[in-house]
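Shown next: start-v6.cif, given as mmCIF, N, CA and C atoms.
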data_input
loop_
_atom_site.group_PDB
_atom_site.id
_atom_site.type_symbol
_atom_site.label_atom_id
_atom_site.label_comp_id
_atom_site.auth_asym_id
_atom_site.auth_seq_id
_atom_site.Cartn_x
_atom_site.Cartn_y
_atom_site.Cartn_z
ATOM 1 N N MET A 286 -22.015 -17.368 -2.181
ATOM 2 C CA MET A 286 -22.723 -17.582 -3.424
ATOM 3 C C MET A 286 -22.907 -16.291 -4.206
ATOM 4 N N ASN A 287 -22.421 -15.185 -3.691
ATOM 5 C CA ASN A 287 -22.535 -13.906 -4.379
ATOM 6 C C ASN A 287 -21.317 -13.640 -5.245
ATOM 7 N N GLU A 288 -20.778 -14.664 -5.877
ATOM 8 C CA GLU A 288 -19.609 -14.499 -6.711
ATOM 9 C C GLU A 288 -20.039 -13.931 -8.058
ATOM 10 N N GLN A 289 -19.205 -13.059 -8.592
ATOM 11 C CA GLN A 289 -19.494 -12.460 -9.881
ATOM 12 C C GLN A 289 -18.525 -13.024 -10.905
ATOM 13 N N PHE A 290 -19.053 -13.520 -12.013
ATOM 14 C CA PHE A 290 -18.230 -14.043 -13.082
ATOM 15 C C PHE A 290 -18.529 -13.238 -14.335
ATOM 16 N N GLN A 291 -17.470 -12.953 -15.071
ATOM 17 C CA GLN A 291 -17.651 -12.180 -16.283
ATOM 18 C C GLN A 291 -16.690 -12.694 -17.333
ATOM 19 N N ALA A 292 -17.170 -12.886 -18.533
ATOM 20 C CA ALA A 292 -16.319 -13.316 -19.626
ATOM 21 C C ALA A 292 -16.344 -12.246 -20.705
ATOM 22 N N GLY A 293 -15.255 -12.116 -21.394
ATOM 23 C CA GLY A 293 -15.217 -11.154 -22.483
ATOM 24 C C GLY A 293 -13.946 -10.345 -22.470
ATOM 25 N N PRO A 294 -13.885 -9.359 -23.351
ATOM 26 C CA PRO A 294 -12.663 -8.574 -23.485
ATOM 27 C C PRO A 294 -12.347 -7.715 -22.260
ATOM 28 N N ALA A 295 -13.318 -7.445 -21.415
ATOM 29 C CA ALA A 295 -13.086 -6.590 -20.242
ATOM 30 C C ALA A 295 -12.102 -7.228 -19.268
ATOM 31 N N ASN A 296 -12.050 -8.546 -19.218
ATOM 32 C CA ASN A 296 -11.125 -9.206 -18.289
ATOM 33 C C ASN A 296 -10.116 -10.071 -19.038
ATOM 34 N N GLY A 297 -9.790 -9.689 -20.242
ATOM 35 C CA GLY A 297 -8.772 -10.418 -20.990
ATOM 36 C C GLY A 297 -9.291 -11.661 -21.687
ATOM 37 N N GLY A 298 -10.601 -11.838 -21.739
ATOM 38 C CA GLY A 298 -11.182 -12.966 -22.431
ATOM 39 C C GLY A 298 -11.264 -14.242 -21.625
ATOM 40 N N TYR A 299 -10.871 -14.192 -20.376
ATOM 41 C CA TYR A 299 -10.933 -15.387 -19.542
ATOM 42 C C TYR A 299 -12.360 -15.605 -19.063
ATOM 43 N N SER A 300 -12.814 -16.830 -19.104
ATOM 44 C CA SER A 300 -14.151 -17.132 -18.625
ATOM 45 C C SER A 300 -14.077 -17.631 -17.190
ATOM 46 N N ASN A 301 -15.138 -17.478 -16.459
ATOM 47 C CA ASN A 301 -15.249 -17.905 -15.071
ATOM 48 C C ASN A 301 -14.207 -17.243 -14.167
ATOM 49 N N GLN A 302 -13.839 -16.012 -14.469
ATOM 50 C CA GLN A 302 -12.899 -15.284 -13.625
ATOM 51 C C GLN A 302 -13.695 -14.569 -12.539
ATOM 52 N N GLN A 303 -13.299 -14.790 -11.304
ATOM 53 C CA GLN A 303 -14.002 -14.176 -10.187
ATOM 54 C C GLN A 303 -13.565 -12.726 -10.054
ATOM 55 N N MET A 304 -14.535 -11.840 -9.900
ATOM 56 C CA MET A 304 -14.242 -10.420 -9.769
ATOM 57 C C MET A 304 -14.457 -10.003 -8.318
ATOM 58 N N ALA A 305 -13.549 -9.184 -7.820
ATOM 59 C CA ALA A 305 -13.649 -8.701 -6.444
ATOM 60 C C ALA A 305 -14.765 -7.663 -6.351
ATOM 61 N N PRO A 306 -15.407 -7.579 -5.201
ATOM 62 C CA PRO A 306 -16.438 -6.555 -5.038
ATOM 63 C C PRO A 306 -15.821 -5.160 -5.042
ATOM 64 N N VAL A 307 -16.592 -4.217 -5.508
ATOM 65 C CA VAL A 307 -16.130 -2.833 -5.574
ATOM 66 C C VAL A 307 -16.091 -2.257 -4.162
ATOM 67 N N ILE A 308 -15.018 -1.523 -3.861
ATOM 68 C CA ILE A 308 -14.908 -0.882 -2.555
ATOM 69 C C ILE A 308 -15.727 0.400 -2.597
ATOM 70 N N SER A 309 -16.614 0.551 -1.642
ATOM 71 C CA SER A 309 -17.516 1.702 -1.634
ATOM 72 C C SER A 309 -16.795 2.972 -1.197
ATOM 73 N N LEU A 310 -17.444 4.091 -1.433
ATOM 74 C CA LEU A 310 -16.906 5.385 -1.025
ATOM 75 C C LEU A 310 -16.722 5.437 0.491
ATOM 76 N N LYS A 311 -17.674 4.894 1.221
ATOM 77 C CA LYS A 311 -17.585 4.875 2.688
ATOM 78 C C LYS A 311 -16.355 4.102 3.149
ATOM 79 N N GLU A 312 -16.092 2.953 2.531
ATOM 80 C CA GLU A 312 -14.923 2.153 2.900
ATOM 81 C C GLU A 312 -13.625 2.895 2.587
ATOM 82 N N TRP A 313 -13.579 3.611 1.449
ATOM 83 C CA TRP A 313 -12.382 4.373 1.120
ATOM 84 C C TRP A 313 -12.186 5.540 2.090
ATOM 85 N N MET A 314 -13.276 6.167 2.524
ATOM 86 C CA MET A 314 -13.185 7.260 3.494
ATOM 87 C C MET A 314 -12.611 6.749 4.814
ATOM 88 N N ILE A 315 -13.062 5.589 5.253
ATOM 89 C CA ILE A 315 -12.538 4.990 6.497
ATOM 90 C C ILE A 315 -11.075 4.602 6.304
ATOM 91 N N THR A 316 -10.740 4.074 5.137
ATOM 92 C CA THR A 316 -9.357 3.700 4.848
ATOM 93 C C THR A 316 -8.441 4.915 4.935
ATOM 94 N N ILE A 317 -8.834 6.008 4.302
ATOM 95 C CA ILE A 317 -8.015 7.221 4.310
ATOM 96 C C ILE A 317 -7.911 7.783 5.720
ATOM 97 N N LEU A 318 -8.990 7.723 6.484
ATOM 98 C CA LEU A 318 -8.952 8.189 7.874
ATOM 99 C C LEU A 318 -7.956 7.369 8.690
ATOM 100 N N LEU A 319 -7.989 6.050 8.542
ATOM 101 C CA LEU A 319 -7.054 5.192 9.276
ATOM 102 C C LEU A 319 -5.607 5.437 8.860
ATOM 103 N N LEU A 320 -5.395 5.738 7.586
ATOM 104 C CA LEU A 320 -4.038 5.991 7.109
ATOM 105 C C LEU A 320 -3.515 7.355 7.553
ATOM 106 N N ALA A 321 -4.386 8.214 8.054
ATOM 107 C CA ALA A 321 -3.960 9.524 8.536
ATOM 108 C C ALA A 321 -3.511 9.487 9.998
ATOM 109 N N ILE A 322 -3.745 8.391 10.698
ATOM 110 C CA ILE A 322 -3.387 8.267 12.116
ATOM 111 C C ILE A 322 -1.991 7.646 12.213
ATOM 112 N N PRO A 323 -1.046 8.351 12.851
ATOM 113 C CA PRO A 323 0.312 7.802 12.968
ATOM 114 C C PRO A 323 0.335 6.451 13.685
ATOM 115 N N LEU A 324 1.226 5.608 13.302
ATOM 116 C CA LEU A 324 1.430 4.235 13.789
ATOM 117 C C LEU A 324 0.298 3.300 13.383
ATOM 118 N N VAL A 325 -0.934 3.760 13.472
ATOM 119 C CA VAL A 325 -2.059 2.927 13.032
ATOM 120 C C VAL A 325 -1.939 2.684 11.534
ATOM 121 N N ASN A 326 -1.491 3.718 10.803
ATOM 122 C CA ASN A 326 -1.387 3.575 9.352
ATOM 123 C C ASN A 326 -0.408 2.466 8.956
ATOM 124 N N ILE A 327 0.727 2.392 9.624
ATOM 125 C CA ILE A 327 1.716 1.358 9.289
ATOM 126 C C ILE A 327 1.167 -0.032 9.598
ATOM 127 N N ILE A 328 0.549 -0.160 10.757
ATOM 128 C CA ILE A 328 -0.022 -1.450 11.156
ATOM 129 C C ILE A 328 -1.106 -1.883 10.175
ATOM 130 N N MET A 329 -1.991 -0.950 9.827
ATOM 131 C CA MET A 329 -3.093 -1.293 8.923
ATOM 132 C C MET A 329 -2.584 -1.627 7.520
ATOM 133 N N LEU A 330 -1.541 -0.944 7.058
ATOM 134 C CA LEU A 330 -0.988 -1.279 5.740
ATOM 135 C C LEU A 330 -0.483 -2.710 5.715
ATOM 136 N N PHE A 331 0.193 -3.129 6.793
ATOM 137 C CA PHE A 331 0.670 -4.521 6.847
ATOM 138 C C PHE A 331 -0.501 -5.500 6.940
ATOM 139 N N VAL A 332 -1.527 -5.150 7.696
ATOM 140 C CA VAL A 332 -2.700 -6.030 7.817
ATOM 141 C C VAL A 332 -3.390 -6.181 6.474
ATOM 142 N N TRP A 333 -3.619 -5.061 5.782
ATOM 143 C CA TRP A 333 -4.289 -5.129 4.487
ATOM 144 C C TRP A 333 -3.420 -5.802 3.442
ATOM 145 N N ALA A 334 -2.114 -5.573 3.481
ATOM 146 C CA ALA A 334 -1.233 -6.130 2.455
ATOM 147 C C ALA A 334 -1.060 -7.638 2.601
ATOM 148 N N PHE A 335 -0.930 -8.108 3.840
ATOM 149 C CA PHE A 335 -0.585 -9.516 4.044
ATOM 150 C C PHE A 335 -1.590 -10.285 4.884
ATOM 151 N N GLY A 336 -2.696 -9.655 5.257
ATOM 152 C CA GLY A 336 -3.677 -10.292 6.126
ATOM 153 C C GLY A 336 -4.488 -11.379 5.453
ATOM 154 N N GLY A 337 -4.827 -11.217 4.215
ATOM 155 C CA GLY A 337 -5.570 -12.243 3.507
ATOM 156 C C GLY A 337 -7.062 -11.992 3.426
ATOM 157 N N GLY A 338 -7.640 -11.228 4.332
ATOM 158 C CA GLY A 338 -9.075 -10.993 4.303
ATOM 159 C C GLY A 338 -9.477 -9.703 3.617
ATOM 160 N N ALA A 339 -8.507 -8.939 3.145
ATOM 161 C CA ALA A 339 -8.792 -7.639 2.540
ATOM 162 C C ALA A 339 -9.171 -7.795 1.070
ATOM 163 N N ASN A 340 -9.881 -6.803 0.583
ATOM 164 C CA ASN A 340 -10.224 -6.730 -0.828
ATOM 165 C C ASN A 340 -8.930 -6.679 -1.643
ATOM 166 N N PRO A 341 -8.856 -7.347 -2.789
ATOM 167 C CA PRO A 341 -7.619 -7.343 -3.585
ATOM 168 C C PRO A 341 -7.157 -5.932 -3.985
ATOM 169 N N SER A 342 -8.088 -5.033 -4.224
ATOM 170 C CA SER A 342 -7.707 -3.658 -4.569
ATOM 171 C C SER A 342 -7.024 -2.977 -3.393
ATOM 172 N N LYS A 343 -7.587 -3.145 -2.209
ATOM 173 C CA LYS A 343 -7.005 -2.539 -1.015
ATOM 174 C C LYS A 343 -5.674 -3.209 -0.680
ATOM 175 N N SER A 344 -5.581 -4.502 -0.891
ATOM 176 C CA SER A 344 -4.341 -5.232 -0.643
ATOM 177 C C SER A 344 -3.230 -4.743 -1.573
ATOM 178 N N ASN A 345 -3.543 -4.568 -2.847
ATOM 179 C CA ASN A 345 -2.551 -4.067 -3.800
ATOM 180 C C ASN A 345 -2.142 -2.639 -3.466
ATOM 181 N N TYR A 346 -3.099 -1.808 -3.054
ATOM 182 C CA TYR A 346 -2.784 -0.437 -2.649
ATOM 183 C C TYR A 346 -1.832 -0.443 -1.454
ATOM 184 N N ALA A 347 -2.108 -1.286 -0.470
ATOM 185 C CA ALA A 347 -1.269 -1.350 0.728
ATOM 186 C C ALA A 347 0.138 -1.821 0.375
ATOM 187 N N LYS A 348 0.254 -2.808 -0.505
ATOM 188 C CA LYS A 348 1.574 -3.286 -0.920
ATOM 189 C C LYS A 348 2.347 -2.189 -1.642
ATOM 190 N N ALA A 349 1.671 -1.458 -2.529
ATOM 191 C CA ALA A 349 2.331 -0.365 -3.244
ATOM 192 C C ALA A 349 2.763 0.737 -2.276
ATOM 193 N N ALA A 350 1.924 1.063 -1.307
ATOM 194 C CA ALA A 350 2.279 2.096 -0.325
ATOM 195 C C ALA A 350 3.476 1.664 0.512
ATOM 196 N N LEU A 351 3.546 0.395 0.881
ATOM 197 C CA LEU A 351 4.685 -0.100 1.648
ATOM 198 C C LEU A 351 5.977 -0.085 0.816
ATOM 199 N N ILE A 352 5.861 -0.404 -0.462
ATOM 200 C CA ILE A 352 7.033 -0.353 -1.335
ATOM 201 C C ILE A 352 7.538 1.079 -1.458
ATOM 202 N N TRP A 353 6.622 2.038 -1.657
ATOM 203 C CA TRP A 353 7.031 3.440 -1.736
ATOM 204 C C TRP A 353 7.641 3.909 -0.420
ATOM 205 N N ALA A 354 7.101 3.471 0.696
ATOM 206 C CA ALA A 354 7.667 3.841 1.997
ATOM 207 C C ALA A 354 9.081 3.283 2.141
ATOM 208 N N ALA A 355 9.292 2.049 1.709
ATOM 209 C CA ALA A 355 10.629 1.447 1.779
ATOM 210 C C ALA A 355 11.617 2.196 0.888
ATOM 211 N N ILE A 356 11.188 2.594 -0.306
ATOM 212 C CA ILE A 356 12.046 3.368 -1.198
ATOM 213 C C ILE A 356 12.409 4.700 -0.544
ATOM 214 N N GLY A 357 11.440 5.360 0.069
ATOM 215 C CA GLY A 357 11.696 6.629 0.745
ATOM 216 C C GLY A 357 12.667 6.485 1.900
ATOM 217 N N ILE A 358 12.519 5.423 2.680
ATOM 218 C CA ILE A 358 13.424 5.198 3.813
ATOM 219 C C ILE A 358 14.851 4.946 3.323
ATOM 220 N N VAL A 359 14.999 4.137 2.276
ATOM 221 C CA VAL A 359 16.327 3.855 1.733
ATOM 222 C C VAL A 359 16.974 5.138 1.216
ATOM 223 N N LEU A 360 16.230 5.948 0.474
ATOM 224 C CA LEU A 360 16.778 7.211 -0.022
ATOM 225 C C LEU A 360 17.145 8.148 1.117
ATOM 226 N N TYR A 361 16.307 8.189 2.141
ATOM 227 C CA TYR A 361 16.583 9.028 3.313
ATOM 228 C C TYR A 361 17.885 8.595 3.985
ATOM 229 N N ILE A 362 18.090 7.316 4.132
ATOM 230 C CA ILE A 362 19.316 6.797 4.749
ATOM 231 C C ILE A 362 20.534 7.116 3.875
ATOM 232 N N ILE A 363 20.411 6.926 2.566
ATOM 233 C CA ILE A 363 21.533 7.212 1.664
ATOM 234 C C ILE A 363 21.920 8.686 1.743
ATOM 235 N N PHE A 364 20.948 9.583 1.648
ATOM 236 C CA PHE A 364 21.253 11.011 1.722
ATOM 237 C C PHE A 364 21.782 11.392 3.097
ATOM 238 N N GLY A 365 21.273 10.776 4.141
ATOM 239 C CA GLY A 365 21.772 11.051 5.485
ATOM 240 C C GLY A 365 23.224 10.655 5.642
ATOM 241 N N VAL A 366 23.602 9.504 5.113
ATOM 242 C CA VAL A 366 24.991 9.050 5.189
ATOM 243 C C VAL A 366 25.890 9.989 4.382
ATOM 244 N N ILE A 367 25.446 10.398 3.210
ATOM 245 C CA ILE A 367 26.240 11.312 2.381
ATOM 246 C C ILE A 367 26.443 12.651 3.093
ATOM 247 N N ILE A 368 25.380 13.207 3.641
ATOM 248 C CA ILE A 368 25.487 14.492 4.339
ATOM 249 C C ILE A 368 26.341 14.356 5.592
ATOM 250 N N PHE A 369 26.143 13.286 6.344
ATOM 251 C CA PHE A 369 26.950 13.069 7.550
ATOM 252 C C PHE A 369 28.425 12.912 7.182
ATOM 253 N N GLY A 370 28.712 12.171 6.128
ATOM 254 C CA GLY A 370 30.091 11.998 5.668
ATOM 255 C C GLY A 370 30.703 13.319 5.242
ATOM 256 N N ALA A 371 29.938 14.145 4.538
ATOM 257 C CA ALA A 371 30.443 15.447 4.093
ATOM 258 C C ALA A 371 30.718 16.358 5.276
ATOM 259 N N MET A 372 29.849 16.312 6.281
ATOM 260 C CA MET A 372 30.059 17.140 7.477
ATOM 261 C C MET A 372 31.290 16.686 8.257
ATOM 262 N N MET A 373 31.459 15.388 8.383
ATOM 263 C CA MET A 373 32.611 14.858 9.125
ATOM 264 C C MET A 373 33.916 15.150 8.389
ATOM 265 N N SER A 374 33.913 15.072 7.060
ATOM 266 C CA SER A 374 35.144 15.350 6.316
ATOM 267 C C SER A 374 35.485 16.833 6.331
ATOM 268 N N SER A 375 34.491 17.704 6.422
ATOM 269 C CA SER A 375 34.762 19.149 6.473
ATOM 270 C C SER A 375 35.247 19.594 7.847
ATOM 271 N N MET A 376 35.050 18.779 8.889
ATOM 272 C CA MET A 376 35.501 19.126 10.230
ATOM 273 C C MET A 376 36.990 18.847 10.425
ATOM 274 N N ARG A 377 37.602 18.108 9.545
ATOM 275 C CA ARG A 377 39.018 17.769 9.688
ATOM 276 C C ARG A 377 39.872 18.909 9.340
#
Take the structure I supplied and represent it as C-alpha coordinates, if you would.
Amino acid sequence: MNEQFQAGPANGGYSNQQMAPVISLKEWMITILLLAIPLVNIIMLFVWAFGGGANPSKSNYAKAALIWAAIGIVLYIIFGVIIFGAMMSSMR
(Lines of atoms letter the chains of each structure in order from A and count residues from 1; the text may use other names and numbers.)
(Lines give C-alpha, C1' and ligand atoms only; values in the text may rest on other atoms or scores of the structure.)
Protein backbone atom coordinates (compact mmCIF):
# COMPACT_ATOMS: atom_id res chain seq x y z
CA MET A 1 0.00 0.00 0.00
CA ASN A 2 3.05 2.28 -0.02
CA GLU A 3 2.76 2.88 -3.75
CA GLN A 4 3.64 6.32 -5.01
CA PHE A 5 1.66 7.84 -7.86
CA GLN A 6 2.52 11.07 -9.56
CA ALA A 7 0.92 12.86 -12.47
CA GLY A 8 2.33 15.74 -14.42
CA PRO A 9 5.16 16.72 -16.69
CA ALA A 10 7.79 15.03 -14.49
CA ASN A 11 6.71 11.58 -15.70
CA GLY A 12 5.57 12.44 -19.20
CA GLY A 13 2.06 13.44 -18.19
CA TYR A 14 0.87 9.94 -17.44
CA SER A 15 -1.46 9.62 -14.49
CA ASN A 16 -1.42 6.76 -12.00
CA GLN A 17 2.14 5.80 -12.95
CA GLN A 18 3.83 3.83 -10.20
CA MET A 19 7.23 5.16 -9.20
CA ALA A 20 9.98 2.92 -7.88
CA PRO A 21 11.41 3.69 -4.46
CA VAL A 22 14.67 5.59 -4.38
CA ILE A 23 17.74 3.47 -3.72
CA SER A 24 19.47 4.75 -0.61
CA LEU A 25 23.15 5.58 -0.27
CA LYS A 26 23.62 2.54 1.98
CA GLU A 27 22.13 0.24 -0.67
CA TRP A 28 24.40 1.71 -3.36
CA MET A 29 27.44 1.26 -1.09
CA ILE A 30 26.56 -2.42 -0.61
CA THR A 31 25.95 -2.77 -4.35
CA ILE A 32 29.37 -1.33 -5.21
CA LEU A 33 31.02 -3.53 -2.57
CA LEU A 34 29.41 -6.65 -4.04
CA LEU A 35 30.45 -5.63 -7.55
CA ALA A 36 34.06 -5.35 -6.39
CA ILE A 37 34.24 -9.06 -5.41
CA PRO A 38 35.31 -11.32 -8.30
CA LEU A 39 32.75 -13.92 -9.46
CA VAL A 40 30.20 -12.56 -6.99
CA ASN A 41 29.86 -9.49 -9.19
CA ILE A 42 28.89 -11.51 -12.27
CA ILE A 43 26.38 -13.61 -10.34
CA MET A 44 24.82 -10.56 -8.69
CA LEU A 45 24.55 -8.70 -12.00
CA PHE A 46 22.54 -11.59 -13.44
CA VAL A 47 20.38 -11.79 -10.30
CA TRP A 48 19.64 -8.07 -10.34
CA ALA A 49 19.12 -7.94 -14.10
CA PHE A 50 16.81 -10.92 -14.46
CA GLY A 51 15.74 -11.84 -10.92
CA GLY A 52 12.56 -9.80 -10.82
CA GLY A 53 12.77 -8.64 -7.20
CA ALA A 54 15.31 -5.86 -7.73
CA ASN A 55 14.61 -2.16 -7.92
CA PRO A 56 14.07 -1.10 -11.57
CA SER A 57 17.02 1.31 -11.37
CA LYS A 58 19.35 -1.42 -10.14
CA SER A 59 17.94 -3.85 -12.71
CA ASN A 60 18.60 -1.40 -15.55
CA TYR A 61 22.11 -0.73 -14.23
CA ALA A 62 22.84 -4.47 -14.12
CA LYS A 63 21.54 -4.97 -17.67
CA ALA A 64 23.68 -2.09 -18.95
CA ALA A 65 26.76 -3.45 -17.14
CA LEU A 66 26.21 -6.90 -18.66
CA ILE A 67 25.83 -5.40 -22.14
CA TRP A 68 29.09 -3.46 -21.72
CA ALA A 69 30.81 -6.62 -20.46
CA ALA A 70 29.59 -8.54 -23.52
CA ILE A 71 30.85 -5.78 -25.84
CA GLY A 72 34.24 -5.88 -24.10
CA ILE A 73 34.48 -9.66 -24.40
CA VAL A 74 33.60 -9.58 -28.11
CA LEU A 75 36.20 -6.87 -28.79
CA TYR A 76 38.79 -8.79 -26.77
CA ILE A 77 38.14 -11.93 -28.83
CA ILE A 78 38.29 -10.02 -32.13
CA PHE A 79 41.61 -8.36 -31.26
CA GLY A 80 42.98 -11.65 -29.94
CA VAL A 81 42.16 -13.43 -33.20
CA ILE A 82 43.73 -10.61 -35.23
CA ILE A 83 46.92 -10.61 -33.16
CA PHE A 84 47.12 -14.41 -33.15
CA GLY A 85 46.62 -14.46 -36.93
CA ALA A 86 49.33 -11.83 -37.43
CA MET A 87 51.76 -13.77 -35.24
CA MET A 88 51.07 -17.04 -37.05
CA SER A 89 51.48 -15.44 -40.49
CA SER A 90 54.79 -13.82 -39.48
CA MET A 91 56.18 -17.22 -38.37
CA ARG A 92 55.96 -18.63 -41.89
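Put simply, the PyMOL selection byres (((chain A and resi 320 and name CA) around 12) and name CA) on this file hits Trp313, Met314, Ile315, Thr316, Ile317, Leu318, Leu319, Ala321, Ile322, Pro323, Leu324, Val325, Asn326, Ile327, Ile328, Met329, Leu330, Phe331, Trp333, Tyr346, Ala347, Ala350 and Leu351 of chain A.
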In terms of the shortest atom-to-atom distance over only C-alpha atoms, which of A:Ala339, A:Ala371, A:Ala355, A:Ala349 is closest to Ala305 of chain A?
A:Ala339
Could you give me, as a ChimeraX atom specification, each residue of chain A that DSSP assigns to alpha helix (DSSP H) when run on this structure's backbone?
/A:310-320,325-335,341-375
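Note that atom C of Glu312 of chain A and atom C of Ser344 of chain A are 13.6 Å apart.
Running DSSP on the backbone gives strand (DSSP E or B) for these residues within chain A: A:Gln289, A:Phe290, A:Gln291, A:Gln302, A:Gln303, A:Met304.
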Taking all listed atoms of segment 305-318 of chain A, build the axis-aligned box, pad each of the six sides by 5 Å, then write its centre and edge lengths in Å to one decimal as lines of an AutoDock Vina configuration file.
center_x = -12.8
center_y = -0.5
center_z = 0.4
size_x = 19.8
size_y = 27.4
size_z = 26.5
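Here atom CA of Pro306 of chain A stands at a distance of 28.3 Å from atom C of Ala354 of chain A.
The gap separating atom CA of Ile356 of chain A from atom CA of Asn340 of chain A is 24.5 Å, in Å to one decimal.
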